[in-house]
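Below: query.cif (mmCIF, C-alpha atoms (C1' of nucleotides))
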```
data_target
loop_
_atom_site.label_atom_id
_atom_site.label_comp_id
_atom_site.auth_asym_id
_atom_site.auth_seq_id
_atom_site.Cartn_x
_atom_site.Cartn_y
_atom_site.Cartn_z
CA MET A 113 -13.58 -20.59 -8.98
CA LEU A 114 -17.13 -19.44 -9.41
CA ILE A 115 -19.67 -20.48 -11.97
CA ALA A 116 -20.80 -17.82 -14.37
CA ILE A 117 -23.82 -18.15 -16.58
CA ARG A 118 -23.63 -16.76 -20.08
CA ASN A 119 -25.83 -17.61 -23.01
CA ASN A 120 -27.69 -19.92 -20.69
CA LYS A 121 -24.60 -22.05 -20.22
CA ARG A 122 -22.53 -22.46 -17.11
CA TYR A 123 -18.85 -21.67 -17.32
CA PRO A 124 -16.34 -22.16 -14.56
CA VAL A 125 -14.61 -18.81 -14.31
CA ALA A 126 -13.22 -16.42 -11.79
CA MET A 127 -15.12 -13.18 -11.58
CA ASP A 128 -11.94 -11.30 -12.16
CA GLU A 129 -10.90 -13.22 -15.24
CA LYS A 130 -10.86 -9.98 -17.19
CA LEU A 131 -8.25 -8.64 -14.85
CA ARG A 132 -6.04 -11.66 -14.56
CA ASP A 133 -4.13 -11.08 -17.75
CA LYS A 134 -3.17 -7.58 -16.76
CA PRO A 135 0.36 -7.32 -15.40
CA GLY A 136 -0.55 -4.29 -13.34
CA TYR A 137 -3.34 -6.15 -11.60
CA ALA A 138 -1.25 -9.25 -11.06
CA LEU A 139 1.48 -7.05 -9.70
CA ARG A 140 -0.77 -5.45 -7.14
CA ARG A 141 -2.31 -8.70 -6.04
CA ALA A 142 1.01 -10.49 -5.83
CA ALA A 143 2.58 -7.66 -3.90
CA SER A 144 -0.23 -7.36 -1.43
CA SER A 145 -0.37 -11.07 -0.80
CA ALA A 146 3.39 -11.23 -0.41
CA THR A 147 3.34 -8.20 1.86
CA ALA A 148 0.73 -9.76 4.09
CA GLU A 149 2.63 -13.00 4.31
CA LEU A 150 5.96 -11.43 5.12
CA ALA A 151 4.34 -9.20 7.71
CA ALA A 152 2.89 -12.27 9.37
CA ARG A 153 6.26 -13.97 9.39
CA LEU A 154 8.04 -10.96 10.84
CA ASP A 155 5.42 -10.24 13.44
CA PRO A 156 6.69 -12.82 15.95
CA LEU A 157 10.03 -11.00 15.92
CA GLY A 158 8.36 -7.75 16.81
CA LEU A 159 9.32 -6.35 13.42
CA ARG A 160 7.47 -4.75 10.59
CA GLN A 161 8.77 -4.89 7.07
CA VAL A 162 9.91 -1.28 7.17
CA ASP A 163 11.77 -1.97 10.36
CA ALA A 164 13.60 -4.84 8.74
CA SER A 165 14.42 -2.75 5.69
CA VAL A 166 15.82 -0.01 7.86
CA LEU A 167 17.87 -2.46 9.90
CA ILE A 168 19.34 -3.88 6.70
CA LEU A 169 20.18 -0.47 5.33
CA VAL A 170 21.64 0.84 8.56
CA ASP A 171 23.73 -2.29 8.85
CA SER A 172 25.15 -2.06 5.36
CA ASN A 173 25.46 1.73 5.43
CA PRO A 174 26.56 2.52 8.95
CA LEU A 175 26.51 6.13 10.08
CA SER A 176 24.01 7.08 7.43
CA THR A 177 21.54 9.76 8.42
CA ALA A 178 17.86 9.23 8.92
CA SER A 179 17.21 11.38 5.89
CA ALA A 180 19.45 9.27 3.67
CA ILE A 181 17.88 6.03 4.80
CA GLY A 182 14.48 7.51 4.23
CA ARG A 183 15.42 8.68 0.80
CA ALA A 184 16.61 5.23 -0.20
CA LEU A 185 13.37 3.67 0.99
CA ASP A 186 11.02 6.43 -0.14
CA ILE A 187 10.06 7.27 3.39
CA GLN A 188 9.40 10.87 4.27
CA ARG A 189 11.77 12.47 6.76
CA ALA A 190 8.86 13.22 9.01
CA ASN A 191 7.77 9.61 9.06
CA MET A 192 11.24 8.40 9.92
CA VAL A 193 10.93 9.98 13.34
CA PRO A 194 8.43 7.62 14.97
CA LEU A 195 9.93 4.71 13.05
CA LEU A 196 13.43 5.32 14.38
CA LYS A 197 12.08 6.07 17.80
CA ARG A 198 10.63 2.57 17.92
CA LEU A 199 13.85 0.99 16.75
CA GLU A 200 15.80 3.03 19.24
CA ASP A 201 13.43 2.29 22.10
CA ALA A 202 13.78 -1.38 21.28
CA GLY A 203 17.52 -0.96 21.63
CA TRP A 204 18.33 -1.96 18.07
CA VAL A 205 19.54 1.33 16.68
CA GLU A 206 21.52 4.17 18.14
CA ARG A 207 22.36 7.61 16.88
CA SER A 208 25.57 9.55 17.23
CA PRO A 209 26.02 13.16 16.24
CA ILE A 210 27.97 13.65 13.02
CA ASP A 211 27.93 17.42 13.18
CA GLY A 212 25.66 19.96 14.71
CA LYS A 213 22.76 19.00 12.51
CA SER A 214 23.12 15.41 11.33
CA GLN A 215 23.26 12.21 13.28
CA GLY A 216 24.60 8.87 12.12
CA LEU A 217 22.69 5.65 12.65
CA GLU A 218 24.21 2.39 13.74
CA LEU A 219 22.98 -0.98 14.87
CA THR A 220 23.57 -1.97 18.44
CA ARG A 221 24.65 -5.49 19.31
CA ALA A 222 21.02 -6.34 19.95
CA GLY A 223 20.16 -4.72 16.64
CA ARG A 224 22.58 -6.94 14.80
CA ALA A 225 21.16 -9.99 16.54
CA LYS A 226 17.64 -8.95 15.62
CA LEU A 227 18.73 -8.32 12.07
CA ALA A 228 20.18 -11.82 11.87
CA GLU A 229 16.84 -13.25 12.96
CA ALA A 230 15.04 -11.07 10.47
CA LEU A 231 17.34 -12.10 7.64
CA GLU A 232 16.66 -15.73 8.36
CA VAL A 233 12.93 -15.14 8.13
CA ILE A 234 13.31 -13.02 5.03
CA GLU A 235 15.53 -15.47 3.23
CA ALA A 236 13.12 -18.27 3.98
CA PHE A 237 10.28 -16.13 2.73
CA GLU A 238 12.05 -15.17 -0.47
CA ALA A 239 12.92 -18.79 -1.10
CA SER A 240 9.34 -19.82 -0.60
CA LEU A 241 8.22 -17.10 -2.97
CA LEU A 242 10.55 -18.31 -5.67
CA ALA A 243 9.55 -21.90 -5.07
CA ARG A 244 5.99 -21.06 -6.05
CA ILE A 245 7.03 -19.92 -9.47
CA PRO A 246 7.24 -22.51 -12.22
CA ALA A 247 10.90 -23.18 -12.91
CA GLN A 248 10.91 -21.81 -16.42
CA HIS A 249 9.72 -18.40 -15.22
CA ARG A 250 11.61 -18.22 -11.96
CA ASP A 251 14.81 -16.52 -13.01
CA HIS A 252 12.99 -13.88 -14.99
CA LEU A 253 10.99 -12.41 -12.14
CA LEU A 254 13.64 -10.33 -10.45
CA PRO A 255 15.07 -8.71 -13.58
CA ALA A 256 11.58 -8.02 -14.86
CA LEU A 257 10.50 -6.42 -11.60
CA ASN A 258 13.62 -4.37 -11.31
CA ALA A 259 13.11 -3.09 -14.82
CA LEU A 260 9.70 -1.88 -13.73
CA TRP A 261 10.74 0.46 -10.98
CA ALA A 262 14.48 0.98 -11.23
CA GLY A 263 13.96 3.74 -13.72
CA ALA A 264 11.39 5.54 -11.61
CA MET B 289 23.40 6.00 -7.71
CA LEU B 290 25.29 7.06 -4.61
CA ILE B 291 28.89 6.65 -3.79
CA ALA B 292 29.75 4.46 -0.85
CA ILE B 293 33.16 4.33 0.76
CA ARG B 294 34.47 1.00 1.90
CA ASN B 295 38.06 0.10 2.63
CA ASN B 296 38.92 3.66 1.79
CA LYS B 297 37.76 3.13 -1.77
CA ARG B 298 34.80 4.67 -3.49
CA TYR B 299 32.21 2.37 -4.99
CA PRO B 300 29.20 3.46 -6.96
CA VAL B 301 26.31 1.70 -5.25
CA ALA B 302 22.75 2.26 -4.27
CA MET B 303 22.16 2.32 -0.54
CA ASP B 304 19.62 -0.42 -0.92
CA GLU B 305 21.82 -2.73 -2.91
CA LYS B 306 21.37 -5.40 -0.26
CA LEU B 307 17.66 -5.33 -0.91
CA ARG B 308 17.69 -5.21 -4.67
CA ASP B 309 18.20 -8.90 -5.19
CA LYS B 310 15.22 -9.80 -3.04
CA PRO B 311 12.13 -10.62 -5.07
CA GLY B 312 9.88 -9.56 -2.22
CA TYR B 313 11.44 -6.12 -2.08
CA ALA B 314 11.45 -5.71 -5.84
CA LEU B 315 7.84 -6.79 -5.86
CA ARG B 316 6.80 -4.15 -3.35
CA ARG B 317 8.74 -1.39 -5.03
CA ALA B 318 7.52 -2.31 -8.49
CA ALA B 319 3.94 -2.56 -7.31
CA SER B 320 3.98 0.74 -5.48
CA SER B 321 5.59 2.55 -8.36
CA ALA B 322 3.14 1.01 -10.82
CA THR B 323 0.26 1.80 -8.50
CA ALA B 324 1.27 5.43 -8.26
CA GLU B 325 1.63 5.73 -12.00
CA LEU B 326 -1.68 4.15 -12.83
CA ALA B 327 -3.40 6.25 -10.21
CA ALA B 328 -1.97 9.35 -11.85
CA ARG B 329 -3.16 8.24 -15.25
CA LEU B 330 -6.68 7.46 -14.03
CA ASP B 331 -7.01 10.59 -11.99
CA PRO B 332 -8.01 12.83 -14.93
CA LEU B 333 -10.94 10.48 -15.52
CA GLY B 334 -12.12 10.93 -11.96
CA LEU B 335 -11.37 7.30 -11.29
CA ARG B 336 -9.34 5.43 -8.74
CA GLN B 337 -7.92 2.04 -9.47
CA VAL B 338 -10.51 0.31 -7.32
CA ASP B 339 -13.22 2.13 -9.17
CA ALA B 340 -11.88 0.89 -12.47
CA SER B 341 -11.60 -2.65 -11.16
CA VAL B 342 -15.17 -2.55 -9.95
CA LEU B 343 -16.40 -1.15 -13.25
CA ILE B 344 -14.64 -3.94 -15.09
CA LEU B 345 -16.07 -6.61 -12.84
CA VAL B 346 -19.57 -5.23 -12.87
CA ASP B 347 -19.44 -4.99 -16.63
CA SER B 348 -18.30 -8.55 -17.15
CA ASN B 349 -20.46 -9.93 -14.36
CA PRO B 350 -23.67 -7.97 -14.58
CA LEU B 351 -26.17 -8.25 -11.74
CA SER B 352 -23.51 -9.42 -9.33
CA THR B 353 -23.98 -8.31 -5.75
CA ALA B 354 -21.75 -5.87 -3.93
CA SER B 355 -20.63 -8.71 -1.69
CA ALA B 356 -19.56 -10.87 -4.61
CA ILE B 357 -17.63 -8.08 -6.27
CA GLY B 358 -15.97 -7.29 -3.00
CA ARG B 359 -15.07 -10.92 -2.49
CA ALA B 360 -13.42 -11.11 -5.90
CA LEU B 361 -11.37 -8.00 -5.21
CA ASP B 362 -10.66 -8.65 -1.54
CA ILE B 363 -12.63 -5.65 -0.46
CA GLN B 364 -14.61 -5.84 2.75
CA ARG B 365 -18.37 -5.64 2.44
CA ALA B 366 -18.35 -2.64 4.70
CA ASN B 367 -15.89 -0.80 2.51
CA MET B 368 -17.91 -1.46 -0.61
CA VAL B 369 -20.61 0.86 0.67
CA PRO B 370 -18.87 4.21 0.25
CA LEU B 371 -17.13 2.93 -2.88
CA LEU B 372 -20.38 2.01 -4.60
CA LYS B 373 -22.03 5.14 -3.35
CA ARG B 374 -19.44 7.17 -5.23
CA LEU B 375 -19.89 5.14 -8.40
CA GLU B 376 -23.62 5.45 -8.10
CA ASP B 377 -23.53 9.18 -7.37
CA ALA B 378 -21.37 9.59 -10.45
CA GLY B 379 -24.08 7.83 -12.43
CA TRP B 380 -21.92 4.94 -13.54
CA VAL B 381 -23.48 2.11 -11.60
CA GLU B 382 -27.03 1.31 -10.65
CA ARG B 383 -28.52 -1.27 -8.37
CA SER B 384 -31.68 -3.27 -8.83
CA PRO B 385 -33.18 -5.52 -6.18
CA ILE B 386 -32.65 -9.23 -6.83
CA ASP B 387 -34.67 -10.34 -3.85
CA GLY B 388 -35.49 -8.82 -0.52
CA LYS B 389 -31.90 -8.78 0.59
CA SER B 390 -29.57 -8.72 -2.40
CA GLN B 391 -29.21 -6.16 -5.10
CA GLY B 392 -27.64 -6.61 -8.51
CA LEU B 393 -25.14 -4.14 -9.91
CA GLU B 394 -25.09 -2.94 -13.47
CA LEU B 395 -23.30 -0.29 -15.45
CA THR B 396 -25.32 2.59 -16.77
CA ARG B 397 -24.72 3.91 -20.25
CA ALA B 398 -22.46 6.55 -18.74
CA GLY B 399 -20.75 3.82 -16.78
CA ARG B 400 -19.95 1.87 -19.91
CA ALA B 401 -18.62 5.00 -21.54
CA LYS B 402 -16.44 5.72 -18.53
CA LEU B 403 -15.27 2.13 -18.52
CA ALA B 404 -14.26 2.42 -22.15
CA GLU B 405 -12.16 5.46 -21.31
CA ALA B 406 -10.65 3.65 -18.36
CA LEU B 407 -9.81 0.60 -20.42
CA GLU B 408 -7.98 2.74 -22.92
CA VAL B 409 -5.87 4.25 -20.17
CA ILE B 410 -5.30 0.88 -18.56
CA GLU B 411 -4.29 -0.85 -21.76
CA ALA B 412 -1.86 1.93 -22.53
CA PHE B 413 -0.47 1.65 -19.05
CA GLU B 414 -0.09 -2.10 -19.21
CA ALA B 415 1.62 -1.83 -22.56
CA SER B 416 4.01 0.75 -21.21
CA LEU B 417 4.76 -1.48 -18.25
CA LEU B 418 5.61 -4.38 -20.49
CA ALA B 419 7.67 -2.18 -22.75
CA ARG B 420 10.02 -1.42 -19.87
CA ILE B 421 10.90 -5.05 -19.42
CA PRO B 422 13.76 -6.45 -21.46
CA ALA B 423 12.31 -8.64 -24.17
CA GLN B 424 13.74 -11.88 -22.90
CA HIS B 425 11.99 -11.48 -19.56
CA ARG B 426 8.76 -9.93 -20.72
CA ASP B 427 6.60 -12.95 -21.27
CA HIS B 428 7.55 -14.48 -17.97
CA LEU B 429 6.27 -11.71 -15.74
CA LEU B 430 2.58 -12.44 -15.81
CA PRO B 431 2.79 -16.19 -15.22
CA ALA B 432 5.35 -15.66 -12.49
CA LEU B 433 3.20 -13.07 -10.73
CA ASN B 434 0.09 -15.12 -11.02
CA ALA B 435 1.87 -18.08 -9.50
CA LEU B 436 2.65 -15.88 -6.51
CA TRP B 437 -0.84 -15.02 -5.46
CA ALA B 438 -3.26 -17.24 -7.33
CA GLY B 439 -2.78 -19.95 -4.76
CA ALA B 440 -3.45 -17.66 -1.84
"C1'" DC C 205 -40.16 -24.19 11.34
"C1'" DA C 206 -35.68 -23.40 13.68
"C1'" DG C 207 -31.10 -22.43 13.28
"C1'" DC C 208 -27.58 -20.76 10.49
"C1'" DA C 209 -25.56 -17.99 6.83
"C1'" DT C 210 -25.57 -13.94 4.06
"C1'" DT C 211 -26.60 -9.07 2.64
"C1'" DG C 212 -26.30 -4.42 3.19
"C1'" DT C 213 -25.28 -1.02 6.34
"C1'" DT C 214 -23.42 2.14 10.21
"C1'" DA C 215 -20.00 3.32 13.22
"C1'" DT C 216 -15.48 3.34 14.59
"C1'" DG C 217 -10.70 2.85 15.49
"C1'" DA C 218 -6.03 1.73 13.84
"C1'" DC C 219 -2.61 2.54 10.79
"C1'" DT C 220 -0.18 4.63 6.97
"C1'" DC C 221 1.27 8.45 4.62
"C1'" DA C 222 1.84 13.20 2.83
"C1'" DT C 223 2.18 18.11 3.87
"C1'" DA C 224 3.26 22.19 6.13
"C1'" DA C 225 5.69 24.73 9.38
"C1'" DC C 226 9.60 25.67 12.28
"C1'" DT C 227 14.44 25.73 14.20
"C1'" DA C 228 19.05 25.02 13.69
"C1'" DT C 229 22.90 24.08 11.08
"C1'" DA C 230 25.74 23.36 7.04
"C1'" DA C 231 27.12 24.53 2.37
"C1'" DA C 232 27.51 27.45 -1.69
"C1'" DG C 233 27.92 31.69 -4.05
"C1'" DC C 234 29.53 36.17 -4.36
"C1'" DG D 87 33.26 36.95 5.39
"C1'" DC D 88 28.61 37.26 4.67
"C1'" DT D 89 24.43 36.31 2.56
"C1'" DT D 90 21.57 33.07 0.55
"C1'" DT D 91 20.14 28.60 -0.15
"C1'" DA D 92 19.72 23.80 1.01
"C1'" DT D 93 19.38 20.27 4.40
"C1'" DA D 94 18.44 17.68 9.03
"C1'" DG D 95 15.48 16.73 12.46
"C1'" DT D 96 11.24 17.43 14.50
"C1'" DT D 97 6.14 18.42 15.62
"C1'" DA D 98 1.59 18.63 14.40
"C1'" DT D 99 -2.00 17.41 11.58
"C1'" DG D 100 -5.17 15.87 8.17
"C1'" DA D 101 -6.46 12.61 4.42
"C1'" DG D 102 -7.14 8.18 3.05
"C1'" DT D 103 -7.29 3.23 3.53
"C1'" DC D 104 -8.72 -0.67 5.84
"C1'" DA D 105 -10.32 -4.04 9.29
"C1'" DT D 106 -13.63 -5.10 12.89
"C1'" DA D 107 -17.74 -5.33 15.32
"C1'" DA D 108 -22.43 -4.97 15.63
"C1'" DC D 109 -27.14 -5.00 13.81
"C1'" DA D 110 -31.48 -5.78 11.25
"C1'" DA D 111 -33.49 -8.05 7.59
"C1'" DT D 112 -33.68 -11.69 4.61
"C1'" DG D 113 -32.71 -16.14 2.49
"C1'" DC D 114 -31.43 -20.99 2.92
"C1'" DT D 115 -30.91 -25.76 4.98
"C1'" DG D 116 -32.09 -29.60 7.47
#
```
Final structure tokens representation of the file:
Amino acid sequence: MLIAIRNNKRYPVAMDEKLRDKPGYALRRAASSATAELAARLDPLGLRQVDASVLILVDSNPLSTASAIGRALDIQRANMVPLLKRLEDAGWVERSPIDGKSQGLELTRAGRAKLAEALEVIEAFEASLLARIPAQHRDHLLPALNALWAGA
Amino acid sequence: MLIAIRNNKRYPVAMDEKLRDKPGYALRRAASSATAELAARLDPLGLRQVDASVLILVDSNPLSTASAIGRALDIQRANMVPLLKRLEDAGWVERSPIDGKSQGLELTRAGRAKLAEALEVIEAFEASLLARIPAQHRDHLLPALNALWAGA
DNA sequence: CAGCATTGTTATGACTCATAACTATAAAGC
DNA sequence: GCTTTATAGTTATGAGTCATAACAATGCTG
């Protein structure tokens, strides 16, 4: 909270007060702060957020292709390659040929264990997020957010 | 909406259904979709979102330093340099020395005009964001979001 | 006045992300 | 069946964002 001077008087204001009532701005700030926090929490597990997302999707959609997973997460096919390579090198994911051109993804035993760890961290994080929201607003966040991007 | 097969039955589900009830995930998706949309709307004005934010802050906090603006927007001092250079080259912002080491930022006439254009776009965008949210959730979004990052 | 903090700046490296190009294979249309 | 079109996986690459470190010059504090 800075002190701004206007009309020769001192007002306690944030410099970005003009922006604070804009949902778009709040959205960006909230997302980037949440992103940073979750990344920090996942880091000790050797996971990035994308990794965790992919593990979750592969687990609940076994034998999906890399392309399909990427499509669901808005990740370009090309960028799935190094991502999956990491997960495979770590021994969490394995691929099996579906036909001559596609390959299905599955979690290994180690992958499922890692996913369990990740889910614990994520659930704790989500809970802590919700806990920060005043009770009367809490239940509205998820439906509101989903309305914002589900259509896109 | 894809079709998943489980227990030999077909269910209409999204692949990321497991993620959809997580506020953190919804937050990231909503923010990135909103970010992309606003960027597209500002692009015809020759503005990025950061540019618009800086214009707004400089306008409402005239003679602030680059460091202060950066601090308010979580932009590193170092990264303010090319950013301000662009705004200055475009003739929207000018700097005047405050003392031997600091310089105050101000909008030029053209800068204020550009800001007015930007604000129109932004207001329209914010309104369209809110319009997508079911009425009963709408008023809760902003306070909920602000609770998420204001503390950080 | 001495030490510390801050400003503006340059340089740089890491990381993310989108695009294009290519091969091989599958699927669809006729 | 055969041709055309779409898709999967991959490589290479370039743009853009962002954080860090270092530095000189200046202001501020005790």
Q. When distances are computed from only C-alpha atoms (C1' of nucleotides), which of A:Leu169, A:Ala138, A:Leu260, A:Ile187 shows the smallest separation from chain C?
A. A:Ile187
Could I get chain B fitted onto chain A (least squares, all C-alpha atoms, in order) as a compact mmCIF listing (two decimals) with C-alpha atoms, in the frame of the given file?
```
# COMPACT_ATOMS: atom_id res chain seq x y z
CA MET B 289 -13.43 -20.68 -8.94
CA LEU B 290 -17.01 -19.53 -9.41
CA ILE B 291 -19.50 -20.57 -11.97
CA ALA B 292 -20.69 -17.94 -14.38
CA ILE B 293 -23.69 -18.34 -16.64
CA ARG B 294 -23.49 -16.98 -20.13
CA ASN B 295 -25.66 -17.92 -23.07
CA ASN B 296 -27.49 -20.22 -20.73
CA LYS B 297 -24.35 -22.28 -20.26
CA ARG B 298 -22.28 -22.66 -17.15
CA TYR B 299 -18.62 -21.76 -17.32
CA PRO B 300 -16.14 -22.17 -14.52
CA VAL B 301 -14.52 -18.75 -14.25
CA ALA B 302 -13.22 -16.36 -11.69
CA MET B 303 -15.16 -13.12 -11.47
CA ASP B 304 -11.98 -11.21 -12.08
CA GLU B 305 -10.94 -13.12 -15.15
CA LYS B 306 -10.92 -9.89 -17.12
CA LEU B 307 -8.29 -8.55 -14.78
CA ARG B 308 -6.09 -11.59 -14.51
CA ASP B 309 -4.21 -11.01 -17.71
CA LYS B 310 -3.24 -7.49 -16.72
CA PRO B 311 0.30 -7.26 -15.39
CA GLY B 312 -0.60 -4.21 -13.33
CA TYR B 313 -3.38 -6.06 -11.56
CA ALA B 314 -1.32 -9.18 -11.05
CA LEU B 315 1.45 -7.00 -9.71
CA ARG B 316 -0.78 -5.38 -7.11
CA ARG B 317 -2.35 -8.62 -6.02
CA ALA B 318 0.96 -10.44 -5.83
CA ALA B 319 2.56 -7.60 -3.91
CA SER B 320 -0.25 -7.29 -1.41
CA SER B 321 -0.41 -11.00 -0.81
CA ALA B 322 3.36 -11.19 -0.41
CA THR B 323 3.31 -8.15 1.84
CA ALA B 324 0.71 -9.70 4.09
CA GLU B 325 2.60 -12.95 4.30
CA LEU B 326 5.93 -11.40 5.11
CA ALA B 327 4.32 -9.16 7.68
CA ALA B 328 2.87 -12.23 9.35
CA ARG B 329 6.22 -13.95 9.37
CA LEU B 330 8.03 -10.93 10.83
CA ASP B 331 5.40 -10.20 13.41
CA PRO B 332 6.66 -12.78 15.94
CA LEU B 333 10.00 -10.97 15.89
CA GLY B 334 8.33 -7.70 16.78
CA LEU B 335 9.31 -6.33 13.42
CA ARG B 336 7.48 -4.70 10.57
CA GLN B 337 8.78 -4.86 7.06
CA VAL B 338 9.93 -1.25 7.15
CA ASP B 339 11.79 -1.96 10.34
CA ALA B 340 13.60 -4.84 8.71
CA SER B 341 14.43 -2.75 5.67
CA VAL B 342 15.83 -0.01 7.86
CA LEU B 343 17.87 -2.48 9.88
CA ILE B 344 19.33 -3.89 6.70
CA LEU B 345 20.20 -0.48 5.34
CA VAL B 346 21.65 0.81 8.56
CA ASP B 347 23.73 -2.32 8.87
CA SER B 348 25.16 -2.11 5.38
CA ASN B 349 25.49 1.67 5.46
CA PRO B 350 26.59 2.46 8.97
CA LEU B 351 26.53 6.07 10.13
CA SER B 352 24.04 7.03 7.46
CA THR B 353 21.59 9.73 8.44
CA ALA B 354 17.88 9.22 8.92
CA SER B 355 17.28 11.39 5.87
CA ALA B 356 19.50 9.26 3.66
CA ILE B 357 17.91 6.02 4.78
CA GLY B 358 14.51 7.51 4.23
CA ARG B 359 15.50 8.68 0.78
CA ALA B 360 16.66 5.20 -0.20
CA LEU B 361 13.40 3.66 0.98
CA ASP B 362 11.07 6.43 -0.15
CA ILE B 363 10.10 7.27 3.37
CA GLN B 364 9.45 10.89 4.26
CA ARG B 365 11.84 12.48 6.72
CA ALA B 366 8.93 13.25 8.96
CA ASN B 367 7.82 9.64 9.04
CA MET B 368 11.28 8.42 9.91
CA VAL B 369 10.97 10.02 13.32
CA PRO B 370 8.46 7.67 14.94
CA LEU B 371 9.95 4.74 13.03
CA LEU B 372 13.45 5.33 14.36
CA LYS B 373 12.10 6.10 17.78
CA ARG B 374 10.63 2.62 17.91
CA LEU B 375 13.86 1.01 16.74
CA GLU B 376 15.80 3.04 19.24
CA ASP B 377 13.41 2.31 22.10
CA ALA B 378 13.75 -1.36 21.27
CA GLY B 379 17.50 -0.96 21.63
CA TRP B 380 18.32 -1.96 18.08
CA VAL B 381 19.54 1.32 16.69
CA GLU B 382 21.54 4.14 18.16
CA ARG B 383 22.37 7.58 16.91
CA SER B 384 25.60 9.49 17.27
CA PRO B 385 26.05 13.11 16.26
CA ILE B 386 28.01 13.58 13.04
CA ASP B 387 28.00 17.34 13.23
CA GLY B 388 25.71 19.89 14.76
CA LYS B 389 22.82 18.93 12.55
CA SER B 390 23.18 15.36 11.34
CA GLN B 391 23.30 12.17 13.29
CA GLY B 392 24.64 8.82 12.15
CA LEU B 393 22.70 5.61 12.66
CA GLU B 394 24.22 2.36 13.76
CA LEU B 395 22.98 -1.01 14.88
CA THR B 396 23.55 -2.01 18.45
CA ARG B 397 24.63 -5.52 19.31
CA ALA B 398 20.99 -6.36 19.95
CA GLY B 399 20.14 -4.75 16.65
CA ARG B 400 22.55 -6.98 14.78
CA ALA B 401 21.13 -10.00 16.53
CA LYS B 402 17.61 -8.96 15.62
CA LEU B 403 18.71 -8.34 12.07
CA ALA B 404 20.15 -11.83 11.87
CA GLU B 405 16.81 -13.25 12.96
CA ALA B 406 15.02 -11.07 10.45
CA LEU B 407 17.31 -12.10 7.63
CA GLU B 408 16.62 -15.73 8.34
CA VAL B 409 12.90 -15.13 8.12
CA ILE B 410 13.28 -13.00 5.02
CA GLU B 411 15.49 -15.47 3.20
CA ALA B 412 13.06 -18.25 3.96
CA PHE B 413 10.24 -16.10 2.71
CA GLU B 414 12.01 -15.15 -0.48
CA ALA B 415 12.86 -18.77 -1.13
CA SER B 416 9.27 -19.78 -0.61
CA LEU B 417 8.15 -17.06 -2.99
CA LEU B 418 10.47 -18.29 -5.69
CA ALA B 419 9.46 -21.87 -5.08
CA ARG B 420 5.89 -21.03 -6.06
CA ILE B 421 6.93 -19.90 -9.49
CA PRO B 422 7.13 -22.49 -12.23
CA ALA B 423 10.77 -23.17 -12.95
CA GLN B 424 10.78 -21.79 -16.45
CA HIS B 425 9.62 -18.39 -15.24
CA ARG B 426 11.50 -18.19 -11.99
CA ASP B 427 14.69 -16.52 -13.04
CA HIS B 428 12.89 -13.86 -15.00
CA LEU B 429 10.91 -12.38 -12.14
CA LEU B 430 13.57 -10.32 -10.47
CA PRO B 431 15.00 -8.69 -13.60
CA ALA B 432 11.51 -8.00 -14.88
CA LEU B 433 10.43 -6.39 -11.61
CA ASN B 434 13.55 -4.35 -11.33
CA ALA B 435 13.05 -3.05 -14.83
CA LEU B 436 9.64 -1.82 -13.72
CA TRP B 437 10.69 0.49 -10.97
CA ALA B 438 14.44 0.99 -11.16
CA GLY B 439 13.96 3.70 -13.73
CA ALA B 440 11.43 5.58 -11.66
```
Kindly assemble as JSON lines a list of the chain C residues that lie within 9 Å of segment 379-403 of chain B, each paired with its nearest atom pair and their distance in Å to one decimal, using all atoms listed in the file, sorted first by chain and then by ascending residue number.
```
{"residue": "C:DT210", "atom": "C1'", "partner": "B:Lys389", "partner_atom": "CA", "distance": 8.9}
{"residue": "C:DT211", "atom": "C1'", "partner": "B:Lys389", "partner_atom": "CA", "distance": 5.7}
{"residue": "C:DG212", "atom": "C1'", "partner": "B:Lys389", "partner_atom": "CA", "distance": 7.6}
```
Could you please take those selected residues and save C-alpha atoms (C1' of nucleotides) as a PDB file, keeping the file's coordinate frame?
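File again00.pdb, as written:
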```pdb
ATOM      1  C1'  DT C 210     -25.570 -13.940   4.060  1.00  0.00           C
ATOM      2  C1'  DT C 211     -26.600  -9.070   2.640  1.00  0.00           C
ATOM      3  C1'  DG C 212     -26.300  -4.420   3.190  1.00  0.00           C
TER       4       DG C 212
END
```
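Take atom C1' of DT93 of chain D and atom CA of Ala178 of chain A: the distance between them is 12.0 Å.
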Q.
So that I can check the surroundings of DG233 of chain C, please list as a list in words every protein, DNA and RNA residue that reaches within 10 Å of it, counting all atoms listed in the file and ignoring chain neighbours fewer than 2 positions away.
A.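 Residues near the query, excluding close chain neighbours: DA231 of chain C; DT89, DT90 and DT91 of chain D.
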Q.
Near chain A, meaning an atom within 8 Å, which residues of chain D appear when counting all atoms listed in the file? Write them as a ChimeraX atom specification.
A. /D:94-96
Q. Hey, which of B:Asn367, B:Glu408, B:Leu375, B:Arg426 ends up closest to chain C? Count all atoms listed in the file.
A.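 Of all the options, B:Asn367 lies closest to chain C.
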**Q.** Test item: the PyMOL selection byres ((chain A) within 6 of (chain B)) resolved as a ChimeraX atom specification
**A.** /A:135,138-140,142-143,245,249,252-254,256-257,259-261
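Here atom CA of Ala152 of chain A and atom CA of Asp339 of chain B stand 28.5 Å from one another.
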Q: For chain A, work out the contacting residues on chain C at 8 Å, counting all atoms listed in the file, and write them as a VMD selection string.
A: chain C and resid 221 228 to 230
Export of the given selection (C-alpha atoms (C1' of nucleotides)) as a compact mmCIF listing (two decimals), keeping the file's coordinate frame:
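Okay, this is what ended up in out_15.txt:
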```txt
# COMPACT_ATOMS: atom_id res chain seq x y z
C1' DC C 221 1.27 8.45 4.62
C1' DA C 228 19.05 25.02 13.69
C1' DT C 229 22.90 24.08 11.08
C1' DA C 230 25.74 23.36 7.04
```
